[in-house]
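Q: Submitted below is the structure of interest, expressed as structure tokens.
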Amino acid sequence: MLIWNETMECMDRDSMRKIQGIRLHETVDRVYHNNTFYRNKMQEMGITPDDIQSLDDITKLPFTVKTDLRDNYPFNLFSVPMSEIVRLHASSGTTGKPTVVGYTRKDINTWSEVMARTFTGAGVHKHDFIQIAYGYGLFTGGLGAHYGAEKVGASVIPISGGNTEKQLQLMEDFGTNVIACTPSYALYLAEMMKDMNIDRSKLKLRVGVFGAEPWTETMRREIEERLGIKAIDIYGLSEIIGPGVSFECEHQCGLHINEDHFIPEIVDPVTLQPLPEGEEGELVFTTVTKEGLPLLRYRTKDLTSLTYEKCTCGRTLVRMRKCTGRSDDMLIIRGVNVFPSQIESALLNIAECEPHYLLIVEREGVLDTLTVMVEVQEQFFSDEVRKLEELKKRIVHKIQSTLGLSVTVKLVEPKTIERTAGKSKRVIDKRTL
Ligand code: DLL
């Protein structure tokens, strides 16, 4: 099994910590001298770059949150003059101004490097044909994946998201063996493949490189089965670089973090105190090589845990557990905390359910209600009413017994719930509309 950068990906812990410490000091020194926002923050806390001499000193640094980026819209958090910026991306978000991120030439090279590690981790090499169906444009998915795939030398098909029939046609004609897109779009591709009567044996698809949204292990199994491929999870966020922050190897046992570039911490989301290895909390990153937009202790809101154990693949890079929820994804329904991923797992364990669902939260008087809308497989939907009622009861019971929450279940025909080429929307919270 190939490793893109064995020196960095298989380094012993002491050497990694030393490099991280040096790079951390350099980054802090740089932002202190080039960025008013961080200089002010550090001065308020009474610290200078000299206080940051080793990795352990990271906890002395201030946190950064998404609103800091919004408040400094569009470019005020950048740490280089605009003449050094060669690329801008932005993530739209649901409210207010987008979050803008900027890259220097060196940042683009770093991004290609971490994405080359990512693809190599997924077993992708220069003889592969990779179809990039992440959106190209301001979203970091398309171009981020593109540069990494070119770096490993694969033949890149920059098709972007959508245009599903064309995707499938090119897949067949070009002999695509790697697909990169969101997991929800992967499911849609599988569905269309069936509708268009495409003979799977004519396709060379071998592996999918999926990310940009949470997806459960049960969803992974569905995708692997329906597309007949290995489904690899990749994680990232625009603020830190885009895709390429962490990646699974072929063993699919946690995502290797490119920690020589992005130092992770897990903190308690309430007290912000660092948590020990293995405990779940909020993932926080400090970038230590980025020039355009270096960030100190950026709170991702993503919930996961870390392990420093060496992986079977030989990489020693710290691994994060597959991330299935964000602290701001959590719904509180009549006092019960629910993550959409928990409902997803419950639904996908019921054979008649399709992996397409939508959660609708409403308030009736003082009570919150959760309606779970889920598609039922064709062959069951045409069944008699009594059987559908029985199925509905089974789903309600499954959710009640695993989450302790009573919900209303609405069974709908296949293809009722909207499909998307990008990130799927699983929750409509009418309480906040
Ligand atoms: O989604 C970057 C990306 C593109 C990652 C393509 C992977 C593949 P943003 O639009 O800024 O960036 O969204 C970042 O998406 O904080 C997570 O909540 C979520 N996310 C990204 N990847 C995963 C994943 C891109 N593999 C936000 N599993 C992050 C779970 C993910 N959530």
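Letters for chains follow the order of the structure tokens (A, B, ...), residue numbers begin at 1 for each chain, and ligand numbers begin at 1 in the order shown.
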Check which residues fall inside 7 Å of ligand 1 when counting only C-alpha atoms and all ligand atoms, and print them as a list of chain:residue names.

A: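 Listed by chain and ascending number, the contacts are A:Ser91, A:Tyr134, A:Phe139, A:Thr140, A:Gly141, A:Thr182, A:Phe210, A:Gly211, A:Ala212, A:Glu213, A:Pro214, A:Trp215, A:Asp233, A:Ile234, A:Tyr235, A:Gly236, A:Leu237, A:Ser238, A:Glu239, A:Gly242, A:Pro243, A:Thr300, A:Lys301, A:Asp302, A:Lys322, A:Cys323, A:Thr324, A:Gly325, A:Arg326.
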
Q: Could you give me the residues within range 15-57 of chain A that DSSP places in helix (DSSP H, G or I), as a PyMOL selection string?

A: chain A and resi 15-34+36-45+49-51+55-57

Q: Need the shell around range 286-298 of chain A: protein/DNA/RNA residues with any atom at most 6 Å away, counting only C-alpha atoms. Skip same-chain ones fewer than 2 positions apart. Format as a list of chain:residue names?

A: A:Arg23, A:Leu24, A:Thr27, A:Phe63, A:Thr64, A:Val65, A:Phe78, A:Ser79, A:Val80, A:Gly102, A:Tyr103, A:Thr104, A:Asp107, A:His261, A:Phe262, A:Ile263, A:Val284

Q: Enter the distance from CA of Ile232 in chain A to CA of Leu359 in chain A, in Å, rounded to one decimal.

A: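 Separation between CA of Ile232 in chain A and CA of Leu359 in chain A: 25.9 Å.
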
Q: Need to verify the contact set: Ala145 in chain A, 12 Å, only C-alpha atoms, exclusion of same-chain residues closer than 4 positions in sequence. Can you return it as a PyMOL selection string?

A: chain A and resi 108+111-119+130-136+139-141+149-152+154+156-160+178-181+209-212+234-236+241-245

Q: Between A:Gly422, A:Pro269, A:Gly123, A:Gly278, which one has atoms that come closest to Cys249 in chain A, using only C-alpha atoms?

A: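 Nearest candidate to Cys249 in chain A out of A:Gly422, A:Pro269, A:Gly123, A:Gly278: A:Gly123.
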
Q: Mind checking DSSP for range 24-157 of chain A and telling me the strand (DSSP E or B) residues as a ChimeraX atom specification?

A: /A:64,85-91,99-104,129-132,155-157

Q: Would you mind exporting the chosen residues as a CSV table (one decimal), in the first residue's frame, restricted to N, CA, C and O atoms?

A:
chain,number,residue,atom,x,y,z
A,64,THR,N,-10.5,30.9,18.1
A,64,THR,CA,-11.1,31.6,17.0
A,64,THR,C,-12.4,30.9,16.7
A,64,THR,O,-12.5,29.7,16.7
A,85,ILE,N,-2.1,37.0,-2.3
A,85,ILE,CA,-3.2,36.0,-2.4
A,85,ILE,C,-3.5,35.6,-3.8
A,85,ILE,O,-3.6,36.5,-4.7
A,86,VAL,N,-3.4,34.3,-4.1
A,86,VAL,CA,-3.7,33.9,-5.5
A,86,VAL,C,-5.0,33.2,-5.7
A,86,VAL,O,-5.4,32.9,-6.8
A,87,ARG,N,-5.8,33.0,-4.6
A,87,ARG,CA,-7.1,32.3,-4.7
A,87,ARG,C,-8.0,32.7,-3.6
A,87,ARG,O,-7.5,32.8,-2.4
A,88,LEU,N,-9.2,32.9,-3.9
A,88,LEU,CA,-10.2,33.1,-2.8
A,88,LEU,C,-11.3,32.0,-3.0
A,88,LEU,O,-11.7,31.7,-4.1
A,89,HIS,N,-11.8,31.5,-1.9
A,89,HIS,CA,-13.0,30.6,-1.8
A,89,HIS,C,-13.9,31.2,-0.8
A,89,HIS,O,-13.5,32.0,0.1
A,90,ALA,N,-15.1,30.7,-0.8
A,90,ALA,CA,-16.1,31.2,0.3
A,90,ALA,C,-17.1,30.1,0.5
A,90,ALA,O,-17.4,29.3,-0.4
A,91,SER,N,-17.5,30.0,1.8
A,91,SER,CA,-18.6,29.1,2.0
A,91,SER,C,-19.8,29.9,2.4
A,91,SER,O,-19.7,30.9,3.2
A,99,THR,N,-18.3,33.1,4.6
A,99,THR,CA,-17.0,33.1,5.2
A,99,THR,C,-16.0,33.1,4.0
A,99,THR,O,-16.0,32.2,3.2
A,100,VAL,N,-15.1,34.0,4.0
A,100,VAL,CA,-14.1,34.1,2.9
A,100,VAL,C,-12.7,33.6,3.3
A,100,VAL,O,-12.3,33.9,4.4
A,101,VAL,N,-12.1,32.8,2.5
A,101,VAL,CA,-10.8,32.3,2.8
A,101,VAL,C,-9.9,32.6,1.6
A,101,VAL,O,-10.3,32.6,0.5
A,102,GLY,N,-8.6,32.8,1.9
A,102,GLY,CA,-7.6,33.2,0.9
A,102,GLY,C,-6.4,32.4,1.0
A,102,GLY,O,-5.9,32.0,2.1
A,103,TYR,N,-5.8,32.1,-0.2
A,103,TYR,CA,-4.6,31.2,-0.3
A,103,TYR,C,-3.5,31.9,-1.0
A,103,TYR,O,-3.7,32.6,-2.0
A,104,THR,N,-2.3,31.8,-0.4
A,104,THR,CA,-1.1,32.2,-1.2
A,104,THR,C,-0.7,31.1,-2.1
A,104,THR,O,-1.2,29.9,-2.0
A,129,PHE,N,-8.6,6.9,-13.3
A,129,PHE,CA,-9.4,8.0,-13.9
A,129,PHE,C,-10.3,8.4,-12.8
A,129,PHE,O,-11.1,7.7,-12.3
A,130,ILE,N,-10.2,9.7,-12.4
A,130,ILE,CA,-11.0,10.2,-11.3
A,130,ILE,C,-12.0,11.3,-11.7
A,130,ILE,O,-11.6,12.2,-12.4
A,131,GLN,N,-13.2,11.0,-11.4
A,131,GLN,CA,-14.3,11.9,-11.8
A,131,GLN,C,-14.6,12.8,-10.6
A,131,GLN,O,-14.9,12.3,-9.5
A,132,ILE,N,-14.3,14.1,-10.7
A,132,ILE,CA,-14.5,15.0,-9.5
A,132,ILE,C,-15.9,15.6,-9.7
A,132,ILE,O,-16.1,16.5,-10.5
A,155,SER,N,-5.8,10.7,-14.1
A,155,SER,CA,-6.4,11.4,-15.2
A,155,SER,C,-7.7,12.0,-14.6
A,155,SER,O,-8.6,11.3,-14.2
A,156,VAL,N,-7.7,13.3,-14.5
A,156,VAL,CA,-8.8,14.0,-13.8
A,156,VAL,C,-9.9,14.4,-14.8
A,156,VAL,O,-9.7,15.0,-15.8
A,157,ILE,N,-11.1,14.1,-14.4
A,157,ILE,CA,-12.3,14.5,-15.1
A,157,ILE,C,-13.1,15.5,-14.3
A,157,ILE,O,-13.8,15.2,-13.4

Q: Please, what distance in Å, to one decimal, runs between CA of Asp71 in chain A and CA of Arg39 in chain A?

A: 16.0 Å

Q: With only C-alpha atoms as the counted atoms, please give the residues lying no more than 8 Å from range 187-192 of chain A, apart from itself and same-chain residues fewer than 2 positions off, as a ChimeraX atom specification.

A: /A:164-165,168,183-185,194-196,223,226-227,419-420

Q: Please produce a file of those selected residues containing all heavy atoms, as a short mmCIF file (atom, residue, chain, number, x, y, z; two decimals), in the first residue's frame.

A:
data_model
loop_
_atom_site.label_atom_id
_atom_site.label_comp_id
_atom_site.auth_asym_id
_atom_site.auth_seq_id
_atom_site.Cartn_x
_atom_site.Cartn_y
_atom_site.Cartn_z
N THR A 164 -26.42 14.54 -13.76
CA THR A 164 -26.19 13.15 -13.36
C THR A 164 -26.13 12.17 -14.53
O THR A 164 -25.31 11.24 -14.53
CB THR A 164 -27.28 12.75 -12.34
OG1 THR A 164 -27.32 13.79 -11.35
CG2 THR A 164 -26.97 11.46 -11.65
N GLU A 165 -26.97 12.38 -15.54
CA GLU A 165 -26.93 11.45 -16.68
C GLU A 165 -25.58 11.50 -17.37
O GLU A 165 -25.01 10.47 -17.74
CB GLU A 165 -28.05 11.78 -17.66
CG GLU A 165 -29.40 11.41 -17.06
CD GLU A 165 -30.56 11.66 -18.01
OE1 GLU A 165 -30.33 11.76 -19.23
OE2 GLU A 165 -31.69 11.74 -17.50
N LEU A 168 -22.91 9.65 -15.51
CA LEU A 168 -22.93 8.20 -15.68
C LEU A 168 -22.43 7.79 -17.07
O LEU A 168 -21.75 6.79 -17.23
CB LEU A 168 -24.35 7.67 -15.42
CG LEU A 168 -24.78 7.83 -13.96
CD1 LEU A 168 -26.26 7.56 -13.79
CD2 LEU A 168 -23.96 6.92 -13.04
N PRO A 183 -21.39 12.05 -0.04
CA PRO A 183 -22.01 10.72 0.08
C PRO A 183 -23.48 10.73 -0.39
O PRO A 183 -23.94 9.74 -0.97
CB PRO A 183 -21.93 10.41 1.57
CG PRO A 183 -21.28 11.57 2.22
CD PRO A 183 -20.79 12.51 1.21
N SER A 184 -24.18 11.83 -0.18
CA SER A 184 -25.58 11.83 -0.62
C SER A 184 -25.66 11.83 -2.15
O SER A 184 -26.56 11.21 -2.73
CB SER A 184 -26.37 12.98 -0.02
OG SER A 184 -25.66 14.18 -0.08
N TYR A 185 -24.73 12.50 -2.80
CA TYR A 185 -24.75 12.46 -4.27
C TYR A 185 -24.37 11.08 -4.79
O TYR A 185 -24.89 10.63 -5.81
CB TYR A 185 -23.84 13.55 -4.85
CG TYR A 185 -24.05 13.74 -6.34
CD1 TYR A 185 -25.32 14.03 -6.84
CD2 TYR A 185 -23.01 13.62 -7.25
CE1 TYR A 185 -25.54 14.18 -8.21
CE2 TYR A 185 -23.22 13.78 -8.62
CZ TYR A 185 -24.48 14.06 -9.09
OH TYR A 185 -24.70 14.21 -10.44
N LYS A 194 -29.56 2.79 -11.70
CA LYS A 194 -30.60 1.77 -11.76
C LYS A 194 -31.69 2.21 -12.74
O LYS A 194 -32.10 1.44 -13.62
CB LYS A 194 -31.20 1.61 -10.36
CG LYS A 194 -31.52 0.19 -10.01
CD LYS A 194 -31.78 0.09 -8.53
CE LYS A 194 -32.82 -0.96 -8.24
NZ LYS A 194 -33.35 -0.82 -6.90
N ASP A 195 -32.12 3.47 -12.60
CA ASP A 195 -33.18 4.00 -13.46
C ASP A 195 -32.80 3.96 -14.93
O ASP A 195 -33.64 3.76 -15.80
CB ASP A 195 -33.49 5.46 -13.10
CG ASP A 195 -34.23 5.54 -11.78
OD1 ASP A 195 -34.52 4.48 -11.20
OD2 ASP A 195 -34.50 6.67 -11.32
N MET A 196 -31.53 4.22 -15.20
CA MET A 196 -31.09 4.27 -16.59
C MET A 196 -30.66 2.89 -17.11
O MET A 196 -30.11 2.77 -18.21
CB MET A 196 -29.91 5.25 -16.73
CG MET A 196 -30.32 6.72 -16.60
SD MET A 196 -28.87 7.81 -16.40
CE MET A 196 -28.04 7.62 -17.97
N ILE A 223 -23.92 2.65 0.55
CA ILE A 223 -23.25 3.17 -0.65
C ILE A 223 -22.33 2.11 -1.24
O ILE A 223 -22.32 1.88 -2.45
CB ILE A 223 -22.45 4.46 -0.31
CG1 ILE A 223 -23.40 5.58 0.13
CG2 ILE A 223 -21.61 4.91 -1.49
CD1 ILE A 223 -22.72 6.83 0.61
N ARG A 226 -24.57 -0.49 -2.92
CA ARG A 226 -25.29 -0.04 -4.11
C ARG A 226 -24.37 0.27 -5.28
O ARG A 226 -24.72 0.06 -6.43
CB ARG A 226 -26.14 1.19 -3.79
CG ARG A 226 -27.32 0.82 -2.93
CD ARG A 226 -28.13 2.03 -2.56
NE ARG A 226 -29.17 1.61 -1.63
CZ ARG A 226 -30.40 2.08 -1.62
NH1 ARG A 226 -30.76 3.00 -2.46
NH2 ARG A 226 -31.27 1.64 -0.74
N LEU A 227 -23.20 0.85 -4.98
CA LEU A 227 -22.29 1.20 -6.07
C LEU A 227 -21.24 0.12 -6.33
O LEU A 227 -20.52 0.18 -7.33
CB LEU A 227 -21.59 2.54 -5.79
CG LEU A 227 -22.40 3.81 -6.06
CD1 LEU A 227 -21.61 5.04 -5.62
CD2 LEU A 227 -22.75 3.95 -7.54
N ARG A 419 -33.28 15.39 -4.05
CA ARG A 419 -31.90 14.93 -4.17
C ARG A 419 -31.02 16.14 -4.42
O ARG A 419 -31.46 17.13 -4.99
CB ARG A 419 -31.74 13.97 -5.37
CG ARG A 419 -32.71 12.82 -5.38
CD ARG A 419 -32.41 11.85 -4.24
NE ARG A 419 -33.16 10.62 -4.36
CZ ARG A 419 -34.20 10.29 -3.64
NH1 ARG A 419 -34.67 11.13 -2.72
NH2 ARG A 419 -34.80 9.13 -3.80
N THR A 420 -29.76 16.05 -4.00
CA THR A 420 -28.88 17.19 -4.25
C THR A 420 -27.52 16.72 -4.75
O THR A 420 -27.08 15.62 -4.43
CB THR A 420 -28.71 18.04 -2.96
OG1 THR A 420 -27.43 18.66 -2.99
CG2 THR A 420 -28.80 17.21 -1.72
#

Q: Identify which of the residues A:Gly208, A:Thr67, A:Arg363, A:Ser54 lies closest to Thr432 in chain A, counting only C-alpha atoms when measuring atom-to-atom distances.

A: A:Arg363

Q: Identify which of the residues A:Asp51, A:Ile198, A:Asp328, A:Gly153 lies closest to Asp173 in chain A, counting only C-alpha atoms when measuring atom-to-atom distances.

A: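 Among the listed residues, the smallest separation from Asp173 in chain A belongs to A:Ile198.
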
Q: Could you tell me how far CA of Thr304 in chain A lies from CA of Ile332 in chain A, in Å and to one decimal?

A: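 For CA of Thr304 in chain A relative to CA of Ile332 in chain A, the distance reads 19.4 Å.
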
Q: Would you pick out the contacts of Tyr308 in chain A at 8 Å or less, using only C-alpha atoms, so that residues sharing its chain but fewer than 3 positions from it are not included, and give the list as a PyMOL selection string?

A: chain A and resi 277+316-319
